[in-house]
Every structure is written in C-alpha cells, then in structure tokens.
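What follows is the content of coords.cif (mmCIF, C-alpha atoms).
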```cif
data_protein
loop_
_atom_site.label_atom_id
_atom_site.label_comp_id
_atom_site.auth_asym_id
_atom_site.auth_seq_id
_atom_site.Cartn_x
_atom_site.Cartn_y
_atom_site.Cartn_z
CA MET A 1 -5.96 -0.41 13.75
CA VAL A 2 -4.09 -2.26 11.10
CA LYS A 3 -5.07 -5.20 8.95
CA PHE A 4 -2.58 -7.67 7.65
CA TYR A 5 -2.54 -10.29 4.92
CA SER A 6 0.22 -12.78 4.36
CA GLN A 7 0.87 -15.66 2.01
CA THR A 8 3.71 -17.90 0.91
CA ASP A 9 4.04 -19.24 -2.63
CA THR A 10 6.49 -21.09 -4.80
CA TYR A 11 7.30 -20.30 -8.41
CA ASN A 12 8.61 -23.25 -10.38
CA TYR A 13 11.25 -21.09 -12.01
CA PRO A 14 14.82 -20.23 -11.06
CA PHE A 15 15.39 -17.17 -8.90
CA ALA A 16 17.14 -15.20 -11.68
CA ALA A 17 14.14 -15.59 -13.99
CA VAL A 18 11.68 -14.58 -11.26
CA THR A 19 13.55 -11.34 -10.55
CA LEU A 20 13.58 -10.52 -14.26
CA ALA A 21 9.87 -11.29 -14.53
CA TYR A 22 9.24 -8.96 -11.60
CA PHE A 23 10.74 -6.07 -13.56
CA LEU A 24 8.81 -7.12 -16.68
CA ARG A 25 5.47 -7.92 -15.07
CA TYR A 26 3.56 -4.93 -16.45
CA PRO A 27 1.66 -4.99 -18.66
CA ASN A 28 0.39 -8.56 -18.66
CA PRO A 29 -3.03 -10.04 -19.51
CA HIS A 30 -3.92 -10.06 -15.79
CA ALA A 31 -2.93 -6.43 -15.24
CA THR A 32 -4.42 -4.40 -18.04
CA HIS A 33 -5.30 -1.72 -15.48
CA VAL A 34 -1.63 -0.73 -15.24
CA LEU A 35 -1.30 2.27 -17.55
CA SER A 36 2.39 3.07 -17.19
CA THR A 37 5.61 2.08 -15.44
CA ASP A 38 8.59 4.39 -15.06
CA THR A 39 11.95 3.92 -13.39
CA ILE A 40 12.53 6.83 -11.05
CA SER A 41 15.95 5.80 -9.83
CA ARG A 42 18.32 2.88 -10.07
CA HIS A 43 21.52 2.19 -8.22
CA TYR A 44 23.99 -0.63 -8.60
CA ASP A 45 26.51 -1.10 -5.85
CA PRO A 46 29.52 -3.01 -7.25
CA ALA A 47 30.84 -3.77 -3.75
CA THR A 48 27.73 -5.64 -2.58
CA GLN A 49 26.49 -6.44 -6.12
CA ARG A 50 23.05 -5.25 -5.07
CA LEU A 51 20.65 -3.44 -7.37
CA THR A 52 18.18 -0.94 -5.91
CA THR A 53 15.33 0.25 -8.12
CA ILE A 54 12.51 2.70 -7.52
CA ARG A 55 9.65 2.69 -9.98
CA LEU A 56 6.39 4.56 -10.36
CA HIS A 57 3.31 2.78 -11.69
CA LEU A 58 0.10 4.44 -12.74
CA LYS A 59 -2.93 2.24 -12.28
CA ARG A 60 -6.50 2.72 -13.22
CA SER A 61 -8.72 1.78 -10.37
CA LYS A 62 -12.31 1.83 -9.40
CA LEU A 63 -13.06 2.46 -5.78
CA PRO A 64 -15.47 -0.06 -4.36
CA THR A 65 -18.99 1.28 -3.96
CA ALA A 66 -18.83 0.32 -0.33
CA VAL A 67 -15.96 2.75 0.23
CA LEU A 68 -17.63 5.46 -1.81
CA LYS A 69 -20.64 5.28 0.43
CA LEU A 70 -18.48 5.82 3.48
CA LEU A 71 -16.67 8.88 2.24
CA PRO A 72 -17.45 12.40 1.15
CA ARG A 73 -16.46 12.90 -2.47
CA SER A 74 -14.31 15.92 -1.74
CA LEU A 75 -11.96 13.62 0.12
CA LEU A 76 -11.50 11.21 -2.74
CA GLY A 77 -10.80 13.35 -5.76
CA ALA A 78 -12.61 10.72 -7.76
CA SER A 79 -15.54 10.91 -10.06
CA GLY A 80 -18.98 10.05 -8.78
CA ALA A 81 -18.61 6.52 -10.12
CA GLY A 82 -15.30 6.09 -8.33
CA ASP A 83 -13.12 5.98 -11.44
CA THR A 84 -9.69 7.15 -10.58
CA GLN A 85 -6.02 6.74 -11.39
CA SER A 86 -3.55 6.13 -8.67
CA TYR A 87 0.20 6.23 -8.42
CA ILE A 88 2.04 3.34 -6.83
CA LEU A 89 5.65 3.67 -5.70
CA GLU A 90 7.67 0.47 -5.80
CA LYS A 91 11.09 -0.15 -4.36
CA SER A 92 13.11 -3.30 -4.88
CA VAL A 93 16.53 -4.58 -3.89
CA VAL A 94 18.05 -7.62 -5.60
CA ASP A 95 21.05 -9.51 -4.32
CA VAL A 96 21.81 -12.22 -6.83
CA ARG A 97 24.83 -13.50 -4.94
CA GLU A 98 22.89 -14.15 -1.75
CA GLY A 99 19.77 -15.06 -3.72
CA TRP A 100 17.13 -12.67 -2.42
CA MET A 101 14.93 -9.88 -3.70
CA ASP A 102 12.86 -7.67 -1.40
CA THR A 103 10.16 -5.43 -2.77
CA GLU A 104 7.80 -2.88 -1.31
CA SER A 105 4.92 -1.09 -3.06
CA LYS A 106 2.64 1.55 -1.68
CA ASN A 107 -0.02 3.95 -2.81
CA LEU A 108 0.95 7.61 -3.01
CA GLU A 109 -2.50 9.13 -2.86
CA PHE A 110 -5.45 8.70 -0.56
CA THR A 111 -3.03 7.53 2.11
CA GLY A 112 -5.20 9.37 4.60
CA VAL A 113 -8.13 7.19 3.65
CA LEU A 114 -6.24 3.93 3.31
CA SER A 115 -2.54 3.27 3.08
CA VAL A 116 -1.71 -0.06 1.46
CA VAL A 117 1.82 -1.40 1.71
CA GLU A 118 2.60 -4.58 -0.16
CA ARG A 119 5.85 -6.42 0.47
CA GLN A 120 7.31 -9.42 -1.26
CA GLU A 121 10.35 -11.42 -0.31
CA PHE A 122 11.71 -13.68 -3.03
CA ARG A 123 14.20 -16.30 -1.92
CA ARG A 124 16.37 -18.77 -3.75
CA PRO A 125 16.11 -21.92 -1.68
CA THR A 126 19.45 -23.26 -0.62
CA SER A 127 20.05 -26.82 0.43
CA GLU A 128 22.75 -27.92 2.78
CA ALA A 129 24.69 -29.49 -0.09
CA GLU A 130 24.48 -26.30 -2.11
CA ARG A 131 25.76 -24.15 0.71
CA GLU A 132 28.72 -26.44 1.04
CA LEU A 133 29.35 -26.32 -2.69
CA GLN A 134 29.25 -22.55 -2.65
CA MET A 135 31.87 -22.55 0.02
CA TRP A 136 34.17 -24.71 -2.06
CA GLN A 137 33.54 -23.38 -5.51
CA GLY A 138 32.88 -19.75 -4.81
CA MET A 139 29.72 -17.94 -5.71
CA GLU A 140 30.25 -17.76 -9.42
CA GLY A 141 30.11 -21.47 -9.82
CA ALA A 142 26.91 -21.59 -7.84
CA ALA A 143 25.37 -18.77 -9.84
CA ARG A 144 26.07 -20.64 -13.04
CA ARG A 145 23.65 -23.35 -12.01
CA HIS A 146 20.83 -20.96 -11.28
CA GLY A 147 19.32 -20.62 -14.72
CA PHE A 148 20.70 -18.03 -17.07
CA ILE A 149 18.54 -16.08 -19.41
CA LYS A 150 19.46 -15.60 -23.01
CA PHE A 151 18.59 -12.24 -24.48
CA GLU A 152 17.35 -13.83 -27.68
CA GLY A 153 15.12 -16.83 -27.35
CA THR A 154 15.97 -19.92 -29.30
CA GLY A 155 13.81 -22.86 -30.22
CA SER A 156 14.92 -24.59 -27.07
CA GLY A 157 13.63 -21.76 -24.89
CA GLY A 158 15.00 -18.80 -23.04
CA ILE A 159 15.65 -20.31 -19.63
CA GLU A 160 17.65 -23.39 -18.93
CA ASP A 161 15.29 -25.69 -17.12
CA SER A 162 17.22 -26.45 -13.99
CA GLY A 163 14.17 -27.70 -12.12
CA GLU A 164 14.69 -24.94 -9.61
CA SER A 165 12.06 -22.99 -7.77
CA THR A 166 11.79 -19.67 -5.97
CA GLU A 167 9.93 -19.02 -2.75
CA VAL A 168 7.99 -15.86 -2.22
CA ARG A 169 6.35 -14.47 0.89
CA SER A 170 3.83 -11.69 0.24
CA THR A 171 2.39 -9.45 2.90
CA VAL A 172 -0.10 -6.62 2.59
CA THR A 173 -0.54 -4.12 5.40
CA LEU A 174 -3.65 -1.94 5.39
CA HIS A 175 -4.00 1.06 7.59
CA SER A 176 -6.69 3.70 7.53
CA HIS A 177 -5.65 7.05 9.01
CA LEU A 178 -9.03 8.52 8.37
CA GLY A 179 -9.82 11.46 10.59
CA GLU A 180 -6.43 11.36 12.30
CA LYS A 181 -4.50 13.97 10.33
CA TRP A 182 -7.21 16.41 10.50
CA LYS A 183 -7.67 16.34 14.19
CA LYS A 184 -4.14 17.69 14.39
CA ARG A 185 -4.85 20.44 11.89
CA LYS A 186 -7.91 21.47 13.82
CA THR A 187 -5.80 22.19 16.88
CA SER A 188 -3.27 24.27 15.00
CA HIS A 189 -6.04 26.30 13.46
CA ALA A 190 -7.41 27.17 16.86
CA ASP A 191 -4.06 28.68 17.79
CA ASP A 192 -3.81 31.15 14.96
CA ALA A 193 -6.92 32.25 13.20
CA ASN A 194 -5.66 33.42 9.83
CA PRO A 195 -8.47 35.08 7.88
CA ALA A 196 -7.05 33.81 4.60
CA GLU A 197 -7.66 30.30 5.78
CA THR A 198 -11.26 30.81 6.74
CA GLU A 199 -12.65 29.24 3.61
CA GLU A 200 -10.36 26.28 3.87
CA GLN A 201 -11.25 25.91 7.49
CA HIS A 202 -14.91 26.09 6.68
CA GLU A 203 -14.49 23.21 4.29
CA LYS A 204 -12.71 21.22 6.96
CA GLU A 205 -15.43 21.90 9.43
CA GLU A 206 -17.93 20.50 7.00
CA LYS A 207 -15.94 17.30 6.90
CA MET A 208 -15.68 17.33 10.67
CA GLY A 209 -19.45 17.39 10.80
CA PHE A 210 -19.52 14.34 8.57
CA PHE A 211 -17.11 12.43 10.75
CA LYS A 212 -18.83 13.43 13.92
CA SER A 213 -21.99 11.76 12.74
CA TRP A 214 -20.13 8.49 12.51
CA SER A 215 -17.72 6.73 14.69
CA THR A 216 -14.42 7.40 12.95
CA ALA A 217 -12.96 4.20 14.31
CA SER A 218 -15.71 2.08 12.86
CA ILE A 219 -15.30 3.72 9.45
CA GLN A 220 -11.57 3.04 9.60
CA ARG A 221 -12.26 -0.58 10.42
CA SER A 222 -14.74 -0.88 7.56
CA ILE A 223 -12.35 0.66 5.05
CA GLU A 224 -9.52 -1.59 6.18
CA ALA A 225 -11.79 -4.61 5.89
CA ILE A 226 -12.81 -3.64 2.34
CA GLY A 227 -9.15 -3.08 1.46
CA LEU A 228 -8.25 -6.48 2.85
CA LYS A 229 -10.96 -8.15 0.79
CA ARG A 230 -9.57 -6.44 -2.29
CA ALA A 231 -6.02 -7.48 -1.48
CA ARG A 232 -7.12 -11.10 -1.08
CA ARG A 233 -8.80 -10.94 -4.46
CA SER A 234 -5.92 -9.26 -6.29
CA GLN A 235 -3.08 -11.40 -4.93
CA PRO A 236 -3.83 -14.54 -6.99
CA ASN A 237 -4.20 -12.28 -10.02
CA ALA A 238 -0.77 -10.79 -9.44
CA LYS A 239 0.71 -14.27 -9.25
CA GLU A 240 -1.01 -15.32 -12.48
CA GLY A 241 0.48 -12.27 -14.17
CA MET A 242 3.99 -13.21 -13.03
CA LYS A 243 3.42 -16.76 -14.30
CA VAL A 244 2.43 -15.52 -17.76
CA VAL A 245 5.64 -13.48 -17.97
CA LEU A 246 7.72 -16.41 -16.70
CA GLU A 247 6.11 -18.76 -19.20
CA ARG A 248 6.92 -16.36 -22.06
CA LEU A 249 10.48 -16.12 -20.78
CA ARG A 250 10.81 -19.89 -20.74
CA GLU A 251 9.30 -20.29 -24.20
CA GLY A 252 11.14 -17.63 -26.10
CA GLY A 253 13.43 -15.60 -23.88
CA LEU A 254 13.27 -11.85 -23.55
CA VAL A 255 12.17 -11.39 -27.13
CA ALA A 256 8.99 -13.35 -26.43
CA VAL A 257 8.35 -11.35 -23.24
CA LEU A 258 8.72 -8.05 -25.08
CA GLU A 259 6.48 -9.22 -27.91
CA GLY A 260 3.85 -10.28 -25.36
CA MET A 261 4.11 -6.93 -23.61
CA ARG A 262 3.57 -5.13 -26.88
CA ARG A 263 0.32 -7.02 -27.42
CA ASP A 264 -0.80 -6.47 -23.83
CA ARG A 265 -0.02 -2.79 -24.11
CA GLU A 266 -2.32 -2.52 -27.11
CA THR A 267 -5.06 -4.16 -25.06
CA THR A 268 -4.41 -1.77 -22.19
CA MET A 269 -4.60 1.26 -24.41
CA GLY A 270 -7.70 -0.09 -26.08
CA SER A 271 -9.51 -0.62 -22.81
CA SER A 272 -8.48 2.75 -21.45
CA HIS A 273 -10.21 4.41 -24.38
CA GLY A 274 -12.96 6.64 -23.13
CA PHE A 275 -11.56 6.78 -19.64
CA LYS A 276 -11.40 10.35 -18.52
CA SER A 277 -8.27 11.66 -16.92
CA ARG A 278 -8.37 12.24 -13.23
CA HIS A 279 -7.61 15.90 -13.69
CA GLY A 280 -10.64 16.31 -15.86
CA HIS A 281 -12.88 15.36 -12.98
CA GLY A 282 -14.03 17.52 -10.17
CA SER A 283 -11.29 16.69 -7.75
CA ARG A 284 -12.64 19.37 -5.46
CA GLY A 285 -15.82 17.43 -5.08
CA ASP A 286 -19.33 17.98 -6.16
CA GLY A 287 -20.54 19.30 -2.88
CA GLU A 288 -22.78 16.35 -2.28
CA GLU A 289 -21.67 15.61 1.22
CA MET B 1 7.88 -2.56 -23.08
CA SER B 2 5.65 -0.83 -20.56
CA ALA B 3 4.58 2.70 -21.43
CA SER B 4 5.89 5.81 -19.74
CA LEU B 5 3.35 7.99 -17.99
CA ALA B 6 4.62 10.76 -20.25
CA SER B 7 4.26 9.70 -23.89
CA GLU B 8 7.00 12.13 -24.93
CA CYS B 9 9.45 10.01 -22.88
CA ASN B 10 8.46 6.67 -24.44
CA GLU B 11 11.27 6.63 -26.96
CA VAL B 12 14.10 7.41 -24.57
CA LYS B 13 12.54 5.09 -21.97
CA GLU B 14 12.50 2.22 -24.44
CA ARG B 15 16.16 2.75 -25.30
CA TYR B 16 17.03 2.71 -21.61
CA ASP B 17 14.82 -0.29 -20.81
CA ASN B 18 16.39 -2.33 -23.61
CA CYS B 19 19.86 -1.49 -22.36
CA PHE B 20 18.91 -2.34 -18.79
CA LEU B 21 17.36 -5.71 -19.68
CA LYS B 22 20.43 -6.73 -21.62
CA TRP B 23 22.76 -5.65 -18.83
CA TYR B 24 20.56 -7.21 -16.14
CA SER B 25 20.22 -10.60 -17.81
CA GLU B 26 23.72 -10.88 -19.27
CA LYS B 27 25.82 -9.27 -16.56
CA PHE B 28 23.99 -8.59 -13.32
CA LEU B 29 22.33 -11.99 -13.00
CA ARG B 30 25.60 -13.73 -13.81
CA GLY B 31 27.41 -11.79 -11.14
CA THR B 32 29.82 -10.24 -13.66
CA ALA B 33 28.60 -6.63 -13.58
CA THR B 34 31.24 -4.11 -12.59
CA SER B 35 29.19 -0.95 -13.14
CA ASP B 36 25.78 0.16 -14.35
CA GLU B 37 26.51 0.47 -18.05
CA CYS B 38 23.15 2.01 -18.87
CA GLU B 39 23.58 5.06 -16.68
CA PRO B 40 24.11 7.53 -19.57
CA LEU B 41 20.83 6.40 -21.15
CA PHE B 42 19.12 6.58 -17.77
CA LYS B 43 20.24 10.20 -17.37
CA GLN B 44 18.53 11.08 -20.67
CA TYR B 45 15.36 9.26 -19.66
CA GLU B 46 15.42 10.85 -16.22
CA GLN B 47 15.75 14.31 -17.72
CA CYS B 48 12.65 13.82 -19.82
CA LEU B 49 10.71 12.18 -17.00
CA SER B 50 11.53 14.73 -14.32
CA LYS B 51 10.07 17.47 -16.51
CA ALA B 52 6.91 15.43 -16.93
CA LEU B 53 6.65 14.69 -13.21
CA LYS B 54 7.02 18.34 -12.40
CA ALA B 55 4.43 19.39 -14.96
CA ARG B 56 1.96 16.94 -13.43
CA GLY B 57 2.76 17.96 -9.89
CA ILE B 58 3.86 14.45 -8.98
CA ASP B 59 7.40 15.44 -8.03
CA SER B 60 6.49 16.83 -4.60
CA MET B 61 4.32 13.81 -3.80
CA LEU B 62 7.21 11.56 -4.79
CA LYS B 63 9.70 13.43 -2.68
CA GLU B 64 7.47 13.14 0.36
CA ALA B 65 7.00 9.42 -0.15
CA ARG B 66 10.70 8.82 -0.66
CA ASP B 67 11.58 10.74 2.47
CA ASP B 68 9.16 8.49 4.35
CA ASN B 69 10.75 5.49 2.69
CA ARG B 70 14.19 6.45 3.88
CA GLU B 71 12.99 6.37 7.46
CA ASN B 72 11.46 2.93 6.98
CA ASP B 73 14.31 1.48 4.98
CA ALA B 74 16.46 0.60 7.94
CA GLU B 75 13.56 -1.41 9.25
CA HIS B 76 12.25 -3.21 6.18
CA MET B 77 14.81 -3.35 3.42
CA ARG B 78 17.67 -5.10 5.13
CA PRO B 79 18.57 -8.61 4.11
CA LYS B 80 16.88 -11.13 6.31
CA ARG B 81 19.01 -14.21 5.97
#
```
File written out as structure tokens:
Amino acid sequence: MVKFYSQTDTYNYPFAAVTLAYFLRYPNPHATHVLSTDTISRHYDPATQRLTTIRLHLKRSKLPTAVLKLLPRSLLGASGAGDTQSYILEKSVVDVREGWMDTESKNLEFTGVLSVVERQEFRRPTSEAERELQMWQGMEGAARRHGFIKFEGTGSGGIEDSGESTEVRSTVTLHSHLGEKWKKRKTSHADDANPAETEEQHEKEEKMGFFKSWSTASIQRSIEAIGLKRARRSQPNAKEGMKVVLERLREGGLVAVLEGMRRDRETTMGSSHGFKSRHGHGSRGDGEE
Amino acid sequence: MSASLASECNEVKERYDNCFLKWYSEKFLRGTATSDECEPLFKQYEQCLSKALKARGIDSMLKEARDDNRENDAEHMRPKR
C-alpha cells in the first residue's frame, strides 16, 4: 500500500536562481518550524560539473490527533500532545550545464509508522532555438543568458530579469510499514529464546496485542491517507516559501536573502521558546496503551 | 543563515556557508568552477558537526539512511533528460 501525490509548477525565475533559493529556503516566513539545517556532505565533480549535497534538517512537528489515536505512544516517542522534532535527510544533485536539479527528502524517524519521500525535479526549459544555439556557441554562452546572481545586491536587483522560468515536478510517496517489521522480529524470537530479551519481548507482545485488535492493513491505509492530506496541505506552503526567497534574491541579491533569513531565524527561535526537547519527553511511552 | 542543530557549530557553519554561497553563485552557476574551493572550511565544520551528531546519537541513524540511499540512487538520482 503506497500513496502518491504529484504536482507540476512553474517558477517565474531563472533556473540558476531557483537552485540557489532551494539551498537558502530555510528559514523563511512559511517554514518557521524548521529549527536547523546542516550540510552533512558535499561533492563537486569537475568532470561532470555536478554538485551533490546531503543536508540534515531538524523540524518541529505536531503529529495529527488522528494519527495519535491510532498508535500506542510507546511507538511514537512523542509527548502526549504529539509534539515532536524530526530529522529530515535531503539529497540534491545540480547540473547547471544540462539545466536540472533533482532533490529527494525523507524522514529519518518513525519510518516504521510512515515513511515520506518527497522528490522534486527542477528543469530549465529549453526551446528548439536554444538547443541549436547551445550547439553553435557552446554551453558557456548559453549559461550566460540564464540569469546570473550577484553576491551583493544593487539598487537594480540581484538577478538579471531574463524573463525565464523554471519548471518543477514534485512528488510525495507515502508508505506505512506499520506492523511489518515486527512480524519478522517475532519469528526470529521464536527461534532463540534469550532470557535477556524477555522484557523487550514482553513489550513487543503488548504491541502485538494492540495490532491484533485492529486490522493492521486498515491502520496503514488510514495513516497513509492522513499523511497524504498533510502533504497536500504543506506543498503550497513550501512553494510560497521558495517564492519569498526568490523575491528577496531578485530585490537585493544574496545580501537581502541573508538579511531576511536572519529575521526569520529570530522568529523561529522566538516561537520555539517553551518547546521541550524530544529527549526530555518520555520516549519510552507512558504505558497508556 | 540557517542555524546548525549544534549551536557550538554555528560560527564555523556560517563561515562555510558564506564561502559556499559565494562559490556557488559566482563560479558554479557560471560553469567556471574547477574545484570546490570551500572544502577546507567544510572540513572544519564537519569536524564540529560529527562530534555533535555522535553525542546526540544521530550518526548511526544517518549512516543507515545513507546506506539505503545508495541502493536507491541508481534508480532515482540519474539525470532524466
């Protein structure tokens, strides 16, 4: 059982600017729930001129009440109200010569409950005339017309307005593996009964009892449906966030983007005040189930 | 700039991020980059961050996810044009 969401959009900005905005999209006024962004690895291949980046985002999230009702707390590691922080791993590859950027983001935790994989494909549209021109002039000439970004914004703006746009196709895949992993574990436990694992096994059996009382498949379907609803709601938000960053880039170059980020970061920190860290909560559950 | 998940790495992260943005917009996007000029700064940032990831127990989770990624890469991350 897998649910799938897909959408195509156009940004009225040149491809180069869109890729830069992607790297600079957090924080923005539409994503104050993003607490941090770190680059885990980055690789530039001079031969292909491709840049591969892996980043780790920490987001504050609130699990929908509907999901909370479906799950035992011990499985979630969240507080009773569903406040939690989650890590998102993002990988991107940019090829500026060929004009594409592919990205993939996925949650690192709760993947057993619901794994969400979000992919975006950014494309620089090429016309027949352009392709021909590239052939004659070489790629550098073509790249020159694709909107350069000045590091320091001037009064006239940070991006040359070339009237170009960038196409993006976003897909979100939702898959609940609920109950699957642990069926496997159950079998292996039957083979070797290690006394040290008795307590752990006992806990698992409690969960088994919970799942038995439901149809696992129907819970999976429900969770995927809730996830899909969330994805539909968050996608326009994500696009608005990108647009804010692109607008800042156009108005005042990178300096304006960084200044905007600084303000948004203050907002983020302000709103996270009073939010308890995930580790402070009973991640082992409150024994309510 | 976005914050690091480890506040003790914020300073070195900011230095790296600034370097990267300059390199990315002035060289990479223009197709004139010959190497990643910010690598020395990244190494410093990475050193700070890897300690923080380990202390928070995120490193093993990351490794698992990246191993998974490698398997999927061939399928999803190839150019499609």
Given the file shown, determine the residues that the PyMOL selection byres ((chain A and resi 258) around 12) selects; report them as an MDAnalysis selection string. (chainID A and resid 21 23:28 151:153 245:246 248:249 252:257 259:265) or (chainID B and resid 1:2 14 17:18 21)
Those residues you just picked out, can you put them in a file as a short mmCIF file (atom, residue, chain, number, x, y, z; two decimals), in the frame of the given file with C-alpha atoms?
```
data_model
loop_
_atom_site.label_atom_id
_atom_site.label_comp_id
_atom_site.auth_asym_id
_atom_site.auth_seq_id
_atom_site.Cartn_x
_atom_site.Cartn_y
_atom_site.Cartn_z
CA ALA A 21 9.87 -11.29 -14.53
CA PHE A 23 10.74 -6.07 -13.56
CA LEU A 24 8.81 -7.12 -16.68
CA ARG A 25 5.47 -7.92 -15.07
CA TYR A 26 3.56 -4.93 -16.45
CA PRO A 27 1.66 -4.99 -18.66
CA ASN A 28 0.39 -8.56 -18.66
CA PHE A 151 18.59 -12.24 -24.48
CA GLU A 152 17.35 -13.83 -27.68
CA GLY A 153 15.12 -16.83 -27.35
CA VAL A 245 5.64 -13.48 -17.97
CA LEU A 246 7.72 -16.41 -16.70
CA ARG A 248 6.92 -16.36 -22.06
CA LEU A 249 10.48 -16.12 -20.78
CA GLY A 252 11.14 -17.63 -26.10
CA GLY A 253 13.43 -15.60 -23.88
CA LEU A 254 13.27 -11.85 -23.55
CA VAL A 255 12.17 -11.39 -27.13
CA ALA A 256 8.99 -13.35 -26.43
CA VAL A 257 8.35 -11.35 -23.24
CA GLU A 259 6.48 -9.22 -27.91
CA GLY A 260 3.85 -10.28 -25.36
CA MET A 261 4.11 -6.93 -23.61
CA ARG A 262 3.57 -5.13 -26.88
CA ARG A 263 0.32 -7.02 -27.42
CA ASP A 264 -0.80 -6.47 -23.83
CA ARG A 265 -0.02 -2.79 -24.11
CA MET B 1 7.88 -2.56 -23.08
CA SER B 2 5.65 -0.83 -20.56
CA GLU B 14 12.50 2.22 -24.44
CA ASP B 17 14.82 -0.29 -20.81
CA ASN B 18 16.39 -2.33 -23.61
CA LEU B 21 17.36 -5.71 -19.68
#
```
Taken to one decimal, the atom CA of His175 of chain A-atom CA of Ser61 of chain A distance is 18.6 Å
Exactly which residues make up the result of the PyMOL selection byres ((chain B) within 7 of (chain A)) on this file, given as a CSV table (one decimal) with C-alpha atoms, keeping the file's coordinate frame?
```csv
chain,number,residue,atom,x,y,z
B,1,MET,CA,7.9,-2.6,-23.1
B,2,SER,CA,5.6,-0.8,-20.6
B,3,ALA,CA,4.6,2.7,-21.4
B,4,SER,CA,5.9,5.8,-19.7
B,5,LEU,CA,3.4,8.0,-18.0
B,22,LYS,CA,20.4,-6.7,-21.6
B,25,SER,CA,20.2,-10.6,-17.8
B,29,LEU,CA,22.3,-12.0,-13.0
B,30,ARG,CA,25.6,-13.7,-13.8
B,31,GLY,CA,27.4,-11.8,-11.1
B,34,THR,CA,31.2,-4.1,-12.6
B,35,SER,CA,29.2,-1.0,-13.1
B,36,ASP,CA,25.8,0.2,-14.4
B,65,ALA,CA,7.0,9.4,-0.2
B,77,MET,CA,14.8,-3.4,3.4
```
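Using only C-alpha atoms, the contacts of Lys43 of chain B at a cut-off of 12 Å, with sequence neighbours closer than 2 positions omitted, comprise Thr39, Ile40, Ser41 and Arg42 of chain A; Val12, Lys13, Arg15, Tyr16, Asp36, Glu37, Cys38, Glu39, Pro40, Leu41, Tyr45, Glu46, Gln47, Cys48, Leu49 and Ser50 of chain B.
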Work out how far apart atom CA of Ser215 of chain A and atom CA of Arg232 of chain A are and give it in Å to one decimal.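 A separation of 26.1 Å between them.
With only C-alpha atoms as the basis for measurement, A:Lys62 is the residue among A:Lys62, A:Lys239, A:Arg124, A:Arg55 that approaches Ser86 of chain A most closely.
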Shell around Ala6 of chain B at 8 Å using only C-alpha atoms, local window under 3 positions removed, as an mmCIF file with C-alpha atoms, in the coordinates of the input:
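New file out_7.cif:
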```cif
data_model
loop_
_atom_site.group_PDB
_atom_site.id
_atom_site.type_symbol
_atom_site.label_atom_id
_atom_site.label_comp_id
_atom_site.auth_asym_id
_atom_site.auth_seq_id
_atom_site.Cartn_x
_atom_site.Cartn_y
_atom_site.Cartn_z
ATOM 1 C CA CYS B 9 9.450 10.010 -22.880
ATOM 2 C CA ASN B 10 8.460 6.670 -24.440
ATOM 3 C CA LEU B 49 10.710 12.180 -17.000
ATOM 4 C CA ALA B 52 6.910 15.430 -16.930
#
```
Provide the atom CA of Arg250 of chain A to atom CA of Thr32 of chain A distance in Å, to one decimal place. 21.9 Å
